[in-house]
Each structure stands twice: as structure tokens, then as C-alpha cells.
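Raw structure.tsv, TSV, C-alpha atoms:
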chain	number	residue	atom	x	y	z
A	1	MET	CA	-7.51	20.83	-2.66
A	2	ASN	CA	-7.64	18.05	-5.25
A	3	LEU	CA	-5.70	15.09	-3.88
A	4	ARG	CA	-6.28	12.56	-6.64
A	5	ILE	CA	-2.62	12.89	-7.64
A	6	LEU	CA	-1.71	11.53	-4.18
A	7	ALA	CA	-3.69	8.32	-4.76
A	8	LEU	CA	-2.19	8.00	-8.24
A	9	LEU	CA	1.33	8.36	-6.85
A	10	ALA	CA	0.54	5.70	-4.23
A	11	ALA	CA	-0.13	3.31	-7.12
A	12	VAL	CA	2.60	4.42	-9.53
A	13	LEU	CA	5.66	5.12	-7.35
A	14	PRO	CA	6.21	1.60	-5.92
A	15	PHE	CA	5.49	0.07	-9.34
A	16	ALA	CA	7.97	2.42	-10.99
A	17	ALA	CA	10.58	1.84	-8.27
A	18	VAL	CA	10.53	-1.94	-8.62
A	19	HIS	CA	10.62	-2.01	-12.42
A	20	LEU	CA	13.17	0.79	-12.85
A	21	THR	CA	15.40	-0.89	-10.29
A	22	TRP	CA	15.15	-4.18	-12.17
A	23	LEU	CA	15.97	-2.39	-15.43
A	24	VAL	CA	19.07	-0.71	-13.94
A	25	ALA	CA	20.21	-3.91	-12.23
A	26	ALA	CA	19.81	-5.97	-15.41
A	27	SER	CA	21.60	-3.38	-17.55
A	28	HIS	CA	24.57	-3.50	-15.15
A	29	GLY	CA	24.68	-7.31	-15.05
A	30	LEU	CA	23.49	-7.53	-11.43
A	31	VAL	CA	20.47	-9.70	-12.33
A	32	GLU	CA	19.43	-11.62	-15.43
A	33	TRP	CA	17.52	-10.20	-18.38
A	34	CYS	CA	14.24	-12.07	-18.09
A	35	ASN	CA	10.55	-11.77	-17.29
A	36	PRO	CA	10.46	-12.11	-13.49
A	37	TYR	CA	6.67	-12.61	-13.51
A	38	ILE	CA	7.05	-15.79	-15.56
A	39	ASP	CA	10.66	-16.95	-15.34
A	40	SER	CA	11.00	-16.40	-11.56
A	41	CYS	CA	14.61	-15.46	-12.26
A	42	THR	CA	15.14	-12.85	-9.57
A	43	SER	CA	13.46	-11.52	-6.45
A	44	ILE	CA	12.43	-7.92	-5.92
A	45	SER	CA	15.01	-7.64	-3.16
A	46	ALA	CA	17.83	-8.90	-5.38
A	47	THR	CA	17.26	-6.11	-7.90
A	48	GLY	CA	17.92	-3.40	-5.31
A	49	ARG	CA	20.77	-4.81	-3.25
A	50	GLN	CA	23.73	-3.35	-5.11
A	51	PRO	CA	24.49	0.09	-6.52
A	52	PRO	CA	23.57	1.78	-8.73
A	53	ALA	CA	20.22	-0.04	-8.66
A	54	SER	CA	20.00	0.34	-4.88
A	55	TYR	CA	20.13	4.13	-5.23
A	56	VAL	CA	17.11	4.05	-7.53
A	57	PHE	CA	15.19	1.71	-5.24
A	58	ARG	CA	15.77	3.71	-2.07
A	59	GLY	CA	15.40	7.07	-3.81
A	60	ILE	CA	11.86	6.20	-4.95
A	61	MET	CA	10.64	3.80	-2.29
A	62	LEU	CA	11.33	5.97	0.75
A	63	PRO	CA	9.26	8.91	-0.61
A	64	ALA	CA	6.66	6.33	-1.71
A	65	ALA	CA	6.31	5.21	1.93
A	66	VAL	CA	5.41	8.79	2.89
A	67	VAL	CA	2.90	9.02	0.04
A	68	LEU	CA	1.30	5.75	1.10
A	69	ALA	CA	0.99	7.01	4.69
A	70	LEU	CA	-0.77	10.16	3.43
A	71	TYR	CA	-3.01	8.01	1.25
A	72	TRP	CA	-4.27	6.05	4.26
A	73	TRP	CA	-4.70	9.19	6.36
A	74	CYS	CA	-6.74	10.84	3.60
A	75	ASN	CA	-8.95	7.77	3.22
A	76	TYR	CA	-9.55	7.75	6.97
A	77	SER	CA	-10.38	11.47	7.08
A	78	TRP	CA	-12.65	11.24	4.06
A	79	LEU	CA	-14.67	8.22	5.17
A	80	ARG	CA	-14.91	9.47	8.74
A	81	GLY	CA	-16.40	12.70	7.38
A	82	LEU	CA	-19.16	10.69	5.70
A	83	GLN	CA	-20.34	9.68	9.17
A	84	PRO	CA	-20.37	5.89	8.85
A	85	ALA	CA	-22.21	3.70	11.33
A	86	ALA	CA	-20.80	3.65	14.84
A	87	GLY	CA	-19.69	0.04	14.45
A	88	SER	CA	-17.71	0.93	11.34
A	89	MET	CA	-15.58	3.54	13.06
A	90	GLN	CA	-13.47	0.90	14.80
A	91	SER	CA	-12.63	-0.86	11.53
A	92	LEU	CA	-11.92	2.54	9.99
A	93	ARG	CA	-9.39	3.24	12.73
A	94	TRP	CA	-7.86	-0.18	12.22
A	95	MET	CA	-7.54	0.58	8.51
A	96	LEU	CA	-5.50	3.67	9.33
A	97	VAL	CA	-3.33	1.92	11.93
A	98	LEU	CA	-2.60	-1.05	9.68
A	99	GLY	CA	-1.88	1.21	6.71
A	100	LEU	CA	0.60	3.28	8.71
A	101	LEU	CA	2.28	0.18	10.13
A	102	ALA	CA	2.62	-1.16	6.58
A	103	CYS	CA	4.41	2.06	5.60
A	104	LEU	CA	6.70	1.68	8.60
A	105	GLY	CA	7.47	-1.86	7.47
A	106	LEU	CA	8.36	-0.56	4.01
A	107	VAL	CA	10.80	1.94	5.55
A	108	LEU	CA	12.37	-0.78	7.72
A	109	TYR	CA	12.82	-3.00	4.67
A	110	VAL	CA	14.17	-0.39	2.26
A	111	SER	CA	16.56	1.25	4.72
A	112	VAL	CA	18.62	-1.94	5.24
A	113	LEU	CA	18.27	-3.58	1.85
A	114	GLY	CA	21.70	-4.79	0.76
A	115	GLU	CA	23.20	-4.71	4.27
A	116	ALA	CA	24.89	-7.90	5.46
A	117	GLY	CA	24.28	-9.49	8.83
A	118	THR	CA	21.67	-11.48	10.73
A	119	ALA	CA	20.13	-8.43	12.39
A	120	TRP	CA	19.61	-6.67	9.06
A	121	ARG	CA	18.17	-9.84	7.55
A	122	LEU	CA	15.64	-10.09	10.36
A	123	GLN	CA	14.71	-6.43	9.91
A	124	ARG	CA	14.20	-6.93	6.18
A	125	ARG	CA	12.02	-9.96	6.83
A	126	ALA	CA	9.96	-8.13	9.44
A	127	GLY	CA	9.57	-5.15	7.13
A	128	THR	CA	8.42	-7.37	4.27
A	129	VAL	CA	5.84	-9.15	6.42
A	130	LEU	CA	4.55	-5.85	7.81
A	131	PHE	CA	4.23	-4.21	4.42
A	132	PHE	CA	2.57	-7.01	2.49
A	133	SER	CA	0.26	-8.38	5.20
A	134	PHE	CA	-0.83	-5.06	6.71
A	135	THR	CA	-1.29	-3.40	3.33
A	136	PHE	CA	-3.54	-6.28	2.32
A	137	LEU	CA	-5.59	-5.98	5.52
A	138	ALA	CA	-5.89	-2.20	5.17
A	139	GLN	CA	-7.05	-2.57	1.56
A	140	LEU	CA	-9.58	-5.17	2.63
A	141	LEU	CA	-10.97	-2.87	5.33
A	142	LEU	CA	-11.11	0.02	2.85
A	143	SER	CA	-13.17	-2.01	0.40
A	144	MET	CA	-15.52	-3.05	3.21
A	145	GLN	CA	-15.94	0.57	4.30
A	146	LEU	CA	-16.76	1.67	0.76
A	147	ARG	CA	-19.30	-1.11	0.33
A	148	GLY	CA	-20.86	-0.22	3.68
A	149	LEU	CA	-21.42	3.33	2.43
A	150	ALA	CA	-23.33	2.25	-0.67
A	151	ALA	CA	-26.14	4.74	0.03
A	152	ARG	CA	-23.71	7.65	0.31
A	153	LEU	CA	-21.29	6.54	-2.44
A	154	PRO	CA	-23.32	4.66	-5.07
A	155	GLN	CA	-21.02	5.85	-7.87
A	156	VAL	CA	-18.01	3.89	-6.57
A	157	GLN	CA	-19.63	0.57	-5.73
A	158	GLY	CA	-18.38	-1.15	-8.88
A	159	LEU	CA	-14.82	-0.14	-8.02
A	160	ALA	CA	-15.34	-1.15	-4.39
A	161	ARG	CA	-16.40	-4.62	-5.52
A	162	GLY	CA	-13.31	-4.75	-7.71
A	163	MET	CA	-11.13	-3.93	-4.69
A	164	TRP	CA	-12.90	-6.63	-2.70
A	165	TRP	CA	-12.37	-9.32	-5.35
A	166	LEU	CA	-8.76	-8.26	-5.80
A	167	CYS	CA	-8.25	-8.77	-2.06
A	168	CYS	CA	-9.86	-12.21	-2.39
A	169	LEU	CA	-7.45	-13.05	-5.21
A	170	LEU	CA	-4.50	-11.90	-3.09
A	171	LEU	CA	-5.69	-14.09	-0.23
A	172	ALA	CA	-6.16	-17.09	-2.52
A	173	LEU	CA	-2.66	-16.71	-3.96
A	174	GLY	CA	-1.21	-16.33	-0.47
A	175	VAL	CA	-2.87	-19.55	0.65
A	176	LEU	CA	-1.71	-21.26	-2.55
A	177	THR	CA	1.91	-20.35	-1.85
A	178	VAL	CA	1.66	-21.90	1.62
A	179	VAL	CA	0.15	-25.11	0.20
A	180	LEU	CA	2.73	-25.38	-2.58
A	181	GLN	CA	5.60	-24.81	-0.19
A	182	ALA	CA	4.27	-27.45	2.18
A	183	ARG	CA	3.86	-30.02	-0.61
A	184	ASP	CA	7.19	-29.53	-2.37
A	185	GLY	CA	9.48	-26.93	-0.88
A	186	VAL	CA	12.27	-27.60	-3.38
A	187	TRP	CA	10.04	-27.01	-6.39
A	188	TYR	CA	8.39	-24.01	-4.75
A	189	ASP	CA	11.77	-22.32	-4.40
A	190	THR	CA	11.96	-22.24	-8.21
A	191	VAL	CA	8.70	-20.25	-8.52
A	192	GLU	CA	8.70	-18.25	-5.28
A	193	ASP	CA	10.11	-15.10	-6.86
A	194	ALA	CA	7.40	-15.07	-9.54
A	195	PHE	CA	4.71	-15.25	-6.86
A	196	GLU	CA	6.38	-12.33	-5.09
A	197	TRP	CA	6.27	-10.19	-8.23
A	198	VAL	CA	2.63	-11.06	-8.93
A	199	LEU	CA	1.52	-10.36	-5.35
A	200	SER	CA	3.30	-7.00	-5.43
A	201	LEU	CA	1.61	-6.12	-8.72
A	202	LEU	CA	-1.83	-6.98	-7.35
A	203	LEU	CA	-1.24	-4.78	-4.30
A	204	GLN	CA	-0.38	-1.86	-6.55
A	205	ALA	CA	-3.42	-2.57	-8.74
A	206	ASN	CA	-5.58	-2.12	-5.64
A	207	PHE	CA	-4.03	1.30	-5.05
A	208	LEU	CA	-4.87	2.16	-8.65
A	209	LEU	CA	-8.50	1.24	-7.96
A	210	GLY	CA	-8.27	3.53	-4.92
A	211	TYR	CA	-7.27	6.37	-7.23
A	212	LEU	CA	-10.25	5.65	-9.48
A	213	VAL	CA	-12.52	5.64	-6.43
A	214	TRP	CA	-11.27	9.10	-5.44
A	215	ARG	CA	-11.70	10.31	-8.99
A	216	ARG	CA	-15.25	9.04	-9.35
A	217	ALA	CA	-16.28	10.24	-5.90
A	218	GLY	CA	-14.86	13.68	-6.71
A	219	TRP	CA	-13.98	14.50	-3.11
A	220	GLN	CA	-11.60	17.28	-2.16
A	221	LEU	CA	-9.76	18.17	1.02
A	222	GLN	CA	-10.72	21.48	2.58
A	223	PHE	CA	-9.06	23.35	5.44
A	224	VAL	CA	-11.70	25.29	7.32
A	225	GLN	CA	-10.77	28.02	9.79
A	226	PRO	CA	-13.07	28.04	12.82
A	227	LYS	CA	-15.11	31.16	13.34
A	228	PRO	CA	-13.95	33.36	16.23
A	229	VAL	CA	-16.21	33.47	19.28
A	230	PRO	CA	-17.83	36.93	19.67
A	231	ARG	CA	-16.60	38.86	22.67
A	232	THR	CA	-20.13	39.59	23.82
A	233	SER	CA	-20.83	35.86	24.11
A	234	VAL	CA	-17.66	35.36	26.13
A	235	ASN	CA	-18.52	38.21	28.49
A	236	GLN	CA	-22.07	36.95	28.97
A	237	GLY	CA	-20.72	33.50	29.77
A	238	LYS	CA	-18.52	34.95	32.51
A	239	GLN	CA	-21.46	36.81	34.03
What is this structure when it is put down as C-alpha cells?
Amino acid sequence: MNLRILALLAAVLPFAAVHLTWLVAASHGLVEWCNPYIDSCTSISATGRQPPASYVFRGIMLPAAVVLALYWWCNYSWLRGLQPAAGSMQSLRWMLVLGLLACLGLVLYVSVLGEAGTAWRLQRRAGTVLFFSFTFLAQLLLSMQLRGLAARLPQVQGLARGMWWLCCLLLALGVLTVVLQARDGVWYDTVEDAFEWVLSLLLQANFLLGYLVWRRAGWQLQFVQPKPVPRTSVNQGKQ
């Protein structure tokens, strides 16, 4: 079974959801017509708070959360099958756990987007933190796993280095936002939305590199039915 389409959907669906939602929201006067990556005119959340844009956002993002969960499970199953070093198995498990928790955070965020109230606001904030931080950590662990399997996967090492440097860029931008907010919180509020859009784009770019890794590695998922135990062997075992 060729699953490259799954990795491609993991990269494309969230990107499409965010930008289609912004397009619908802007066309209905819910947000400004602008370039959010430069003008910092609206947040990602603001584009999907009100209908009909909210229908687009939820209708794409909730299935995207399922696709992302399958993406992390497939990466775990694939790399585990390559028999990495014993010490790497723990980080491989952490990659899966963090990836799944990130998907849960996305569901928590999307399901209450646009709802009023302190409880919903806290849930949205928790979902955002879970999705962005745990997705970053899972992507970082994935790049480390791929680089640790250089002897088994030499054809993907260039892409693995690209994933690693993209994670470094994400980390640097994250630290920069903290520094800028600490130095001048008022000014930072005017550019915060742009940072949010850029960070989201970089996360999705890393999923696109994941798709290219799958494509270059050429791996496929196979379901193997175990062979039945011969009756003679069972009878001899009882004797």
C-alpha cells in the first residue's frame, strides 16, 4: 500500500484550511484584505471564528488532525521496522506520543474556536500550545531518527538535514518572539500575528519534507497474515 498521499495530505490540508478560511473570511468582511505574513493584520484564529469561514476551518482541520495522527503512526511503524539502535527506540516512542498529543491539541483548539467564555478560551490556548510545541518536538525527533539511520537510509539524508535545520529555524524564531515580547510588549503585539503565520507555515513545510522523505525512501505499508501453525506441531507439543 503506497501511503505517500497520506504524508502529502498532512502537509497540504492544514495549509489549505488556513488560507481558504482567510479567503472566505476576507470575502465576507470578517477580516481585512491584506498579507497576514507581512502586515500582521489578523490572526489565524480570527479568520475561523465566525461563519461561514468557521465551517471551512472546522470541516478541513478536524479531518486533518486524523491524517496527522496517521502520519505519526506510520513514521513510527516504518522506522521501528528498520530496527534502529536500542537507545533510539525510546525517542521513537516519544515521537509518536508527542505527535498524537499534538493532534489532540489541534482537535481541542478547533472544536471550540469561536465559542465565548473563559473555559473555552483556556481550552483554545491549551490546544494551541499542545499543537505547536509538540508538533515541533515530534518533527525534531523524526529528523534525529532519520539522521541516525544514515547507513540504512542514505538516500534521504539531505532531506533529513533540511528537516533538522527547519526545526532549528523554528526554535530560533520562537526564542526571538519571547525576546521581542520581553523587550517591548506593546510593539510586539503589532507583529505577533505575522510570527504566528510564519511559524505555522514552517511547520507545514516540515511535513512537506516528510512527504519527500517517504517518496525518496519508496517504502510501502504491507499487511502480512501470519502462517497457521501445523496441527502436527501442535499435537507434538502436547505430547
| said: Rounded to one decimal, what separation in Å do you get between atom CA of A:Pro14 and atom CA of A:Gln204? | reply: 7.5 Å
| remark: Shortest contact to A:Ala69, candidates A:Leu96, A:Val24, A:Leu82, A:Leu159, atoms counted only C-alpha atoms, goes to A:Leu96
| When you draw a straight line from atom CA of A:Phe195 to atom CA of A:Leu106, how long is it in Å? | 18.6 Å
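Counting all atoms listed in the file and comparing A:Gln83, A:Thr21, A:Thr118, A:Thr190, the residue that lies closest to A:Ala151 is A:Gln83.
Interatomic distance, atom CA of A:Leu8 against atom CA of A:Tyr76: 16.9 Å.
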| message | Quick one: residues within 12 Å of A:Val67, only C-alpha atoms, excluding same-chain residues fewer than 4 positions away - as number ranges by chain? | response | A: 3-14, 60-63, 71-74, 99-100, 103-104, 106-107, 207
Residues of stretch 124-148 of chain A that have any atom at most 12 Å from an atom of stretch 37-54 of chain A: could you tabulate them with the shortest-distance atom pair and the distance in Å to one decimal, using all atoms listed in the file, ordered by chain and increasing number, as CSV?
residue,atom,partner,partner_atom,distance
A:Arg124,CA,A:Ser45,CA,9.4
A:Arg125,CA,A:Ser45,CA,10.7
A:Gly127,CA,A:Ser45,CA,11.9
A:Thr128,CA,A:Ser45,CA,9.9
| message | Measuring between all atoms listed in the file, which one of A:Leu122, A:Leu79, A:Leu166, A:Glu115 shows the shortest distance to A:Ala217? | response | A:Leu79
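Closest to A:Ala160 among A:Leu108, A:Leu92, A:Leu140, A:Ala64 is A:Leu140, based on all atoms listed in the file.
The point (-11.7, 2.5, -7.4) has these residues within 8 Å of it, counting all atoms listed in the file: Val156, Gly158, Leu159, Ala160, Gly162, Met163, Asn206, Leu208, Leu209, Gly210, Tyr211, Leu212, Val213, Trp214, Arg215 and Arg216 of chain A.
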Find the smallest box with edges along x, y and z containing every listed atom of stretch 71-79 of chain A, then add 6 Å on each side and report centre and edge lengths in Å to one decimal, as JSON.
{"center_x": -8.8, "center_y": 8.8, "center_z": 4.2, "size_x": 23.7, "size_y": 17.4, "size_z": 17.8}
| request: Could you give me, as a PyMOL selection string, the residues that sit within 8 Å of (-3.8, -6.3, 0.3) in the file's coordinates, counting all atoms listed in the file? | output: chain A and resi 132-140+167+170+202-203+206
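Remark: for A:Ser143, the closest of the candidate residues A:Leu113, A:Ala26, A:Met95, A:Ala172 is A:Met95 (distances computed over only C-alpha atoms).
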